[in-house]
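Engineer: Structure file upload_21.tsv (TSV, C-alpha atoms) is given on the next line.
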```tsv
chain	number	residue	atom	x	y	z
A	11	MET	CA	-117.00	149.96	-142.10
A	12	THR	CA	-120.43	149.53	-140.48
A	13	THR	CA	-123.72	150.72	-141.92
A	14	THR	CA	-123.87	153.57	-139.44
A	15	GLU	CA	-120.36	154.73	-140.38
A	16	ARG	CA	-121.04	154.61	-144.10
A	17	SER	CA	-121.94	157.96	-145.57
A	18	ALA	CA	-125.30	158.40	-147.28
A	19	PRO	CA	-125.49	157.64	-151.01
A	20	THR	CA	-125.64	160.58	-153.40
A	21	LEU	CA	-127.49	161.46	-156.57
A	22	ALA	CA	-126.04	164.31	-158.63
A	23	CYS	CA	-128.69	166.12	-160.68
A	24	PRO	CA	-128.21	168.98	-163.13
A	25	LYS	CA	-130.38	171.98	-162.16
A	26	PRO	CA	-132.13	172.01	-165.60
A	27	VAL	CA	-133.19	168.35	-165.10
A	28	HIS	CA	-134.39	169.14	-161.56
A	29	ASP	CA	-136.45	172.06	-162.83
A	30	ALA	CA	-137.87	169.96	-165.69
A	31	LEU	CA	-138.95	167.25	-163.22
A	32	VAL	CA	-140.80	169.82	-161.12
A	33	ALA	CA	-142.41	171.31	-164.24
A	34	ASP	CA	-143.52	167.81	-165.33
A	35	ALA	CA	-145.10	167.23	-161.91
A	36	ARG	CA	-146.97	170.53	-162.05
A	37	ARG	CA	-148.23	169.90	-165.58
A	38	GLY	CA	-149.44	166.46	-164.55
A	39	VAL	CA	-151.72	167.63	-161.69
A	40	PRO	CA	-154.02	166.06	-160.58
A	41	ASP	CA	-152.29	162.88	-161.82
A	42	GLU	CA	-148.96	161.48	-160.76
A	43	VAL	CA	-146.27	161.68	-163.45
A	44	CYS	CA	-143.43	159.19	-163.85
A	45	GLY	CA	-140.38	158.36	-165.88
A	46	VAL	CA	-136.84	157.02	-166.08
A	47	LEU	CA	-133.57	158.70	-165.10
A	48	GLY	CA	-130.52	158.03	-167.27
A	49	GLY	CA	-126.89	158.75	-166.55
A	50	THR	CA	-124.05	157.13	-164.64
A	51	PHE	CA	-125.06	154.47	-162.12
A	52	ASP	CA	-123.19	153.46	-159.00
A	53	PRO	CA	-124.79	151.84	-155.91
A	54	GLN	CA	-123.48	154.71	-153.75
A	55	ALA	CA	-122.96	157.67	-156.11
A	56	SER	CA	-124.98	158.14	-159.30
A	57	ARG	CA	-125.27	161.08	-161.67
A	58	ILE	CA	-128.32	161.97	-163.76
A	59	THR	CA	-127.76	163.25	-167.28
A	60	SER	CA	-131.26	162.85	-168.77
A	61	ARG	CA	-134.88	162.29	-167.84
A	62	TYR	CA	-137.27	160.21	-169.93
A	63	PRO	CA	-140.96	160.88	-169.18
A	64	THR	CA	-143.21	157.84	-169.68
A	65	PRO	CA	-147.00	157.44	-169.62
A	66	ASN	CA	-148.56	156.67	-166.24
A	67	ALA	CA	-150.49	153.45	-166.94
A	68	ALA	CA	-151.98	153.05	-163.44
A	69	ASP	CA	-155.74	152.49	-163.17
A	70	ASP	CA	-155.94	155.30	-160.60
A	71	PRO	CA	-153.28	157.80	-161.80
A	72	GLU	CA	-154.22	160.38	-159.15
A	73	ARG	CA	-153.00	157.96	-156.47
A	74	ARG	CA	-150.79	155.43	-158.25
A	75	TYR	CA	-148.17	155.19	-160.99
A	76	ARG	CA	-147.09	152.34	-163.22
A	77	ILE	CA	-144.84	152.19	-166.27
A	78	ASP	CA	-145.98	149.48	-168.67
A	79	PRO	CA	-143.28	147.03	-169.81
A	80	GLU	CA	-143.40	147.89	-173.53
A	81	PRO	CA	-142.80	151.66	-173.24
A	82	LEU	CA	-140.34	150.95	-170.45
A	83	LEU	CA	-138.30	148.60	-172.62
A	84	GLU	CA	-138.32	151.15	-175.48
A	85	THR	CA	-137.16	153.87	-173.09
A	86	LEU	CA	-134.37	151.74	-171.64
A	87	GLU	CA	-133.16	150.80	-175.13
A	88	THR	CA	-133.10	154.49	-176.11
A	89	LEU	CA	-131.22	155.37	-172.95
A	90	GLU	CA	-128.63	152.63	-173.45
A	91	SER	CA	-128.19	153.52	-177.14
A	92	ARG	CA	-127.09	156.96	-175.93
A	93	GLY	CA	-124.44	155.41	-173.71
A	94	GLU	CA	-126.37	156.04	-170.50
A	95	SER	CA	-127.12	153.61	-167.67
A	96	ILE	CA	-130.34	153.23	-165.68
A	97	VAL	CA	-129.86	155.58	-162.74
A	98	GLY	CA	-133.39	155.17	-161.43
A	99	PHE	CA	-136.96	156.34	-161.72
A	100	TYR	CA	-139.07	159.31	-160.70
A	101	HIS	CA	-142.67	159.98	-159.87
A	102	SER	CA	-144.71	162.76	-158.32
A	103	HIS	CA	-146.95	163.06	-155.29
A	104	PRO	CA	-149.41	165.79	-156.33
A	105	ARG	CA	-150.83	165.89	-152.80
A	106	GLY	CA	-148.73	163.51	-150.77
A	107	PRO	CA	-145.64	164.18	-148.69
A	108	PRO	CA	-142.08	163.97	-150.10
A	109	THR	CA	-141.52	160.50	-148.65
A	110	PRO	CA	-142.13	157.03	-150.14
A	111	SER	CA	-145.63	155.74	-149.44
A	112	ARG	CA	-146.51	152.22	-148.35
A	113	THR	CA	-147.49	151.58	-151.99
A	114	ASP	CA	-144.05	152.80	-153.09
A	115	VAL	CA	-142.39	150.33	-150.72
A	116	ASP	CA	-144.62	147.48	-151.91
A	117	GLY	CA	-143.89	148.28	-155.58
A	118	ALA	CA	-140.13	148.85	-155.38
A	119	ALA	CA	-138.17	146.23	-157.32
A	120	TRP	CA	-134.90	147.71	-158.65
A	121	PRO	CA	-132.12	147.13	-156.10
A	122	ASP	CA	-129.78	150.09	-155.49
A	123	ARG	CA	-131.46	152.29	-158.10
A	124	SER	CA	-132.66	155.78	-157.18
A	125	TYR	CA	-136.35	156.47	-156.66
A	126	LEU	CA	-136.75	160.24	-156.97
A	127	LEU	CA	-139.91	161.85	-155.71
A	128	VAL	CA	-141.38	165.28	-156.54
A	129	SER	CA	-143.94	166.39	-153.96
A	130	LEU	CA	-146.31	169.31	-154.56
A	131	GLU	CA	-147.75	168.89	-151.06
A	132	ASP	CA	-151.16	170.53	-151.55
A	133	GLY	CA	-151.94	169.49	-155.11
A	134	ARG	CA	-151.90	172.97	-156.65
A	135	PRO	CA	-149.80	173.38	-159.81
A	136	ALA	CA	-148.33	176.63	-158.42
A	137	ALA	CA	-147.48	175.08	-155.06
A	138	GLY	CA	-143.94	174.85	-153.83
A	139	ALA	CA	-142.19	171.60	-154.75
A	140	THR	CA	-139.93	169.35	-152.71
A	141	VAL	CA	-137.62	166.94	-154.51
A	142	ARG	CA	-136.02	164.06	-152.61
A	143	SER	CA	-134.51	160.72	-153.53
A	144	TRP	CA	-134.05	157.26	-152.05
A	145	ARG	CA	-132.18	154.07	-152.94
A	146	TRP	CA	-134.07	150.79	-152.83
A	147	ARG	CA	-132.07	148.35	-150.73
A	148	ALA	CA	-133.49	144.87	-151.29
A	149	THR	CA	-133.39	142.34	-148.49
A	150	PRO	CA	-131.17	139.48	-149.76
A	151	GLU	CA	-132.81	136.67	-147.85
A	152	ARG	CA	-136.32	137.39	-149.14
A	153	GLU	CA	-137.78	137.10	-152.65
A	154	THR	CA	-139.18	140.59	-152.31
A	155	GLY	CA	-138.93	143.26	-149.67
A	156	GLY	CA	-136.40	145.76	-148.50
A	157	ARG	CA	-136.24	149.38	-147.47
A	158	PHE	CA	-135.71	152.83	-148.91
A	159	GLU	CA	-132.47	154.54	-147.92
A	160	ARG	CA	-132.54	158.33	-148.17
A	161	GLU	CA	-129.84	159.72	-150.41
A	162	ARG	CA	-128.31	163.16	-150.75
A	163	LEU	CA	-129.52	165.05	-153.82
A	164	VAL	CA	-126.69	167.21	-155.13
A	165	LEU	CA	-127.78	169.91	-157.59
A	166	GLU	CA	-125.10	170.90	-160.06
B	28	MET	CA	-133.17	123.81	-175.35
B	29	ARG	CA	-130.94	126.52	-173.96
B	30	VAL	CA	-132.62	129.84	-173.12
B	31	THR	CA	-130.91	133.21	-172.83
B	32	VAL	CA	-132.54	135.36	-170.15
B	33	ASP	CA	-131.58	139.04	-170.29
B	34	VAL	CA	-132.45	140.73	-167.00
B	35	THR	CA	-132.46	144.36	-168.10
B	36	GLY	CA	-129.97	146.50	-166.24
B	37	GLU	CA	-128.40	143.51	-164.47
B	38	GLY	CA	-127.06	140.76	-166.69
B	39	VAL	CA	-127.63	137.71	-168.85
B	40	HIS	CA	-128.33	134.13	-167.71
B	41	GLU	CA	-128.07	130.98	-169.83
B	42	ILE	CA	-130.50	128.30	-168.66
B	43	ASP	CA	-130.72	124.73	-169.91
B	44	LEU	CA	-134.43	123.79	-169.90
B	45	GLU	CA	-133.61	120.08	-169.59
B	46	ARG	CA	-132.04	120.79	-166.20
B	47	LEU	CA	-135.25	122.26	-164.78
B	48	GLU	CA	-137.46	119.93	-162.78
B	49	SER	CA	-140.65	120.56	-164.76
B	50	ALA	CA	-141.30	118.48	-167.88
B	51	SER	CA	-142.84	121.54	-169.55
B	52	PRO	CA	-141.11	124.54	-167.97
B	53	THR	CA	-142.95	127.86	-167.79
B	54	TYR	CA	-141.53	131.37	-167.68
B	55	ALA	CA	-142.22	131.32	-163.93
B	56	ASP	CA	-139.91	128.26	-163.67
B	57	LEU	CA	-137.18	130.23	-165.45
B	58	LEU	CA	-137.68	133.14	-163.08
B	59	ALA	CA	-137.48	130.85	-160.07
B	60	ARG	CA	-134.17	129.51	-161.38
B	61	ILE	CA	-132.67	133.01	-161.21
B	62	GLU	CA	-134.42	133.79	-157.91
B	63	LEU	CA	-136.92	136.32	-159.27
B	64	SER	CA	-140.62	136.47	-158.45
B	65	PRO	CA	-143.39	137.08	-161.03
B	66	HIS	CA	-144.61	139.72	-158.56
B	67	GLU	CA	-141.57	141.90	-159.21
B	68	VAL	CA	-140.90	141.43	-162.94
B	69	SER	CA	-142.46	141.18	-166.41
B	70	VAL	CA	-141.32	138.65	-169.00
B	71	LEU	CA	-141.12	139.86	-172.60
B	72	VAL	CA	-140.68	137.94	-175.84
B	73	ASP	CA	-139.86	140.03	-178.91
B	74	GLY	CA	-140.64	143.13	-176.85
B	75	ARG	CA	-144.12	142.00	-175.78
B	76	PRO	CA	-145.22	140.74	-172.35
B	77	VAL	CA	-146.10	137.05	-172.03
B	78	PRO	CA	-147.99	135.28	-169.20
B	79	GLU	CA	-145.62	133.85	-166.58
B	80	ASP	CA	-147.52	130.55	-166.56
B	81	ALA	CA	-147.09	129.99	-170.32
B	82	PRO	CA	-144.69	127.24	-171.46
B	83	VAL	CA	-141.27	128.40	-172.65
B	84	GLU	CA	-141.10	128.13	-176.44
B	85	VAL	CA	-138.35	130.59	-177.39
B	86	GLU	CA	-134.60	130.79	-176.85
B	87	GLN	CA	-134.37	134.48	-175.97
B	88	ILE	CA	-136.40	136.34	-173.33
B	89	THR	CA	-136.15	139.71	-171.64
B	90	VAL	CA	-136.99	140.22	-167.98
B	91	LEU	CA	-137.90	143.68	-166.72
B	92	ARG	CA	-138.34	144.62	-163.11
B	93	LEU	CA	-141.65	146.41	-162.50
B	94	ILE	CA	-141.89	150.13	-161.89
B	95	LYS	CA	-144.94	151.07	-159.88
B	96	GLY	CA	-146.02	152.73	-156.69
B	97	GLY	CA	-148.27	155.44	-155.41
```
Render the structure in this file as structure tokens.
Structural biologist:
Amino acid sequence: MTTTERSAPTLACPKPVHDALVADARRGVPDEVCGVLGGTFDPQASRITSRYPTPNAADDPERRYRIDPEPLLETLETLESRGESIVGFYHSHPRGPPTPSRTDVDGAAWPDRSYLLVSLEDGRPAAGATVRSWRWRATPERETGGRFERERLVLE
Amino acid sequence: MRVTVDVTGEGVHEIDLERLESASPTYADLLARIELSPHEVSVLVDGRPVPEDAPVEVEQITVLRLIKGG
């Protein structure tokens, strides 16, 4: 099967988790919010069961996000103690479009995990939200680098 | 000394420090051995980050890929 024949990856997301992610993004305005997604991981078909909000430790949280290693490790241990796997991560674009930015590409480091993005477009808490997700496909022959592959978000 | 490197979410590596080229291996040397860059991960000892250029003095480390963007 060639890449073009392969169907797009999927990310199943319960509607309550989807709505909670949007609510988190709205509450966080003007800053970006971020966190970890737990559930069942597969490189082509993952399913979210929980979201784990984490502090945004970036120096410029209105334009960047970063999860510090210590809270991240604690979150991942909690997630795994509940029998979940690391499905991926989420963050918001309070004003940006619902697509990964150049900074998102430069910062991506978890191969095949989902990077879910909540965009509020115009930065108003009451604005309409767009939720999309991508898989990070690392380039094998390079230490770093790769590309985001759009995946189908399936609300259930 | 044999070091256990747990790459969170991926797997565990056992690395024999005597088999690394450096006489005083650093955490960056360990990362290089498993083809990871300090630009994409943090190294933690007992749950706390350590500098990648510090010499390896423990038998158990955790490696976490970074989560950041904009």
Engineer: At a cut-off of 12 Å, using only C-alpha atoms, what residues contact Gly74 in chain B? Leave out same-chain residues fewer than 2 positions from it and give the result as a VMD selection string.
Structural biologist: (chain A and resid 78 to 87) or (chain B and resid 33 69 to 72 76 to 77 87 to 91)
Engineer: Any idea which chain A residues end up within 6 Å of chain B if we count only C-alpha atoms, as a ChimeraX atom specification please?
Structural biologist: /A:73-77,113-114,117,119
Engineer: One number please: CA of Thr140 in chain A to CA of Thr50 in chain A, in Å, one decimal.
Structural biologist: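 Here the two named atoms are 23.3 Å from each other.
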Engineer: Step by step: start from the point (-137.3, 153.3, -162.5) in the file's coordinates, keep every protein, DNA or RNA residue that has an atom no farther than 7 Å from it, count all atoms listed in the file, and write the set as a PyMOL selection string.
Structural biologist: (chain A and resi 45-46+98-100+125) or (chain B and resi 94)
Engineer: Smallest atom-to-atom distance to Glu86 in chain B: which of B:Ala55, B:Val34, B:Ala50, B:Leu44, using all atoms listed in the file?
Structural biologist: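 For Glu86 in chain B, the nearest of the given residues is B:Leu44.
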Engineer: Go through A:Glu166, A:Asp69, A:Glu94, A:Asp122 and flag the residue nearest Glu42 in chain A, using all atoms listed in the file for the distances.
Structural biologist: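 Closest to Glu42 in chain A of all the choices is A:Asp69.
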Engineer: Counting only C-alpha atoms, figure out which residue out of A:Asp41, A:Pro24, A:Gly156, A:Leu31 gets nearest to Arg112 in chain A.
Structural biologist: A:Gly156
Engineer: Quick one, how far is CA of Ser51 in chain B from CA of Pro78 in chain B?
Structural biologist: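 Computed distance, CA of Ser51 in chain B to CA of Pro78 in chain B, equals 14.7 Å.
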Engineer: Looking at B:Glu45, B:Asp56, B:Ile61, B:His40, which one is nearest to Met28 in chain B, with distances taken over all atoms listed in the file?
Structural biologist: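 Of B:Glu45, B:Asp56, B:Ile61, B:His40, the one nearest Met28 in chain B is B:Glu45, counting all atoms listed in the file.
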Engineer: State, in Å with one decimal place, the distance from CA of Ile96 in chain A to CA of Pro19 in chain A.
Structural biologist: 16.1 Å
Engineer: When you look at Thr59 in chain A with a cut-off of 10 Å (counting all atoms listed in the file), what residues show up, excluding the ones that are within fewer than 4 positions of it in the same chain? I need them as a list in words.
Structural biologist: Ala22, Cys23, Pro24, Pro26, Val27, Leu47, Gly48, Gly49, Thr50, Glu94, Ser95 and Val97 of chain A
Engineer: Return the single residue from B:Arg60, B:Asp43, B:Gly38, B:Thr53 that is closest to Pro82 in chain B, with distances computed using all atoms listed in the file.
Structural biologist: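 Smallest separation from Pro82 in chain B among the options: B:Thr53.
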Engineer: For each of A:Asp29, A:Pro107, A:Arg61, A:Gln54, take the minimum atom-to-atom distance to Arg147 in chain A, counting only C-alpha atoms, then give the residue where this is smallest.
Structural biologist: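 Counting only C-alpha atoms, the residue closest to Arg147 in chain A is A:Gln54.
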Engineer: Can you list, as a ChimeraX atom specification, every protein, DNA or RNA residue that comes within 7 Å of Leu127 in chain A when you count all atoms listed in the file, leaving out same-chain residues fewer than 4 positions away?
Structural biologist: /A:100-102,108,141-143
Engineer: Since the input is missing atoms, can you rebuild N, CA, C and O atoms for range 26-37 of chain A and write them as a compact mmCIF listing (two decimals), in the frame of the given file?
Structural biologist:
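See out_6.txt below for the written result:
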```txt
# COMPACT_ATOMS: atom_id res chain seq x y z
N PRO A 26 -131.08 172.02 -164.56
CA PRO A 26 -132.13 172.01 -165.60
C PRO A 26 -133.00 170.74 -165.55
O PRO A 26 -134.21 170.81 -165.80
N VAL A 27 -132.40 169.59 -165.21
CA VAL A 27 -133.19 168.35 -165.10
C VAL A 27 -134.11 168.45 -163.88
O VAL A 27 -135.30 168.10 -163.95
N HIS A 28 -133.57 168.93 -162.77
CA HIS A 28 -134.39 169.14 -161.56
C HIS A 28 -135.60 170.01 -161.88
O HIS A 28 -136.74 169.67 -161.53
N ASP A 29 -135.35 171.13 -162.54
CA ASP A 29 -136.45 172.06 -162.83
C ASP A 29 -137.46 171.43 -163.80
O ASP A 29 -138.68 171.68 -163.69
N ALA A 30 -136.97 170.63 -164.74
CA ALA A 30 -137.87 169.96 -165.69
C ALA A 30 -138.74 168.93 -164.98
O ALA A 30 -139.93 168.77 -165.30
N LEU A 31 -138.18 168.24 -163.98
CA LEU A 31 -138.95 167.25 -163.22
C LEU A 31 -140.08 167.93 -162.45
O LEU A 31 -141.21 167.43 -162.41
N VAL A 32 -139.77 169.08 -161.86
CA VAL A 32 -140.80 169.82 -161.12
C VAL A 32 -141.87 170.33 -162.09
O VAL A 32 -143.08 170.25 -161.80
N ALA A 33 -141.45 170.83 -163.25
CA ALA A 33 -142.41 171.31 -164.24
C ALA A 33 -143.30 170.17 -164.73
O ALA A 33 -144.52 170.35 -164.89
N ASP A 34 -142.72 168.98 -164.93
CA ASP A 34 -143.52 167.81 -165.33
C ASP A 34 -144.59 167.52 -164.28
O ASP A 34 -145.74 167.25 -164.60
N ALA A 35 -144.16 167.54 -163.01
CA ALA A 35 -145.10 167.23 -161.91
C ALA A 35 -146.24 168.23 -161.88
O ALA A 35 -147.41 167.85 -161.68
N ARG A 36 -145.92 169.51 -162.08
CA ARG A 36 -146.97 170.53 -162.05
C ARG A 36 -147.93 170.37 -163.23
O ARG A 36 -149.14 170.51 -163.08
N ARG A 37 -147.37 170.08 -164.40
CA ARG A 37 -148.23 169.90 -165.58
C ARG A 37 -149.14 168.70 -165.43
O ARG A 37 -150.23 168.65 -165.97
```
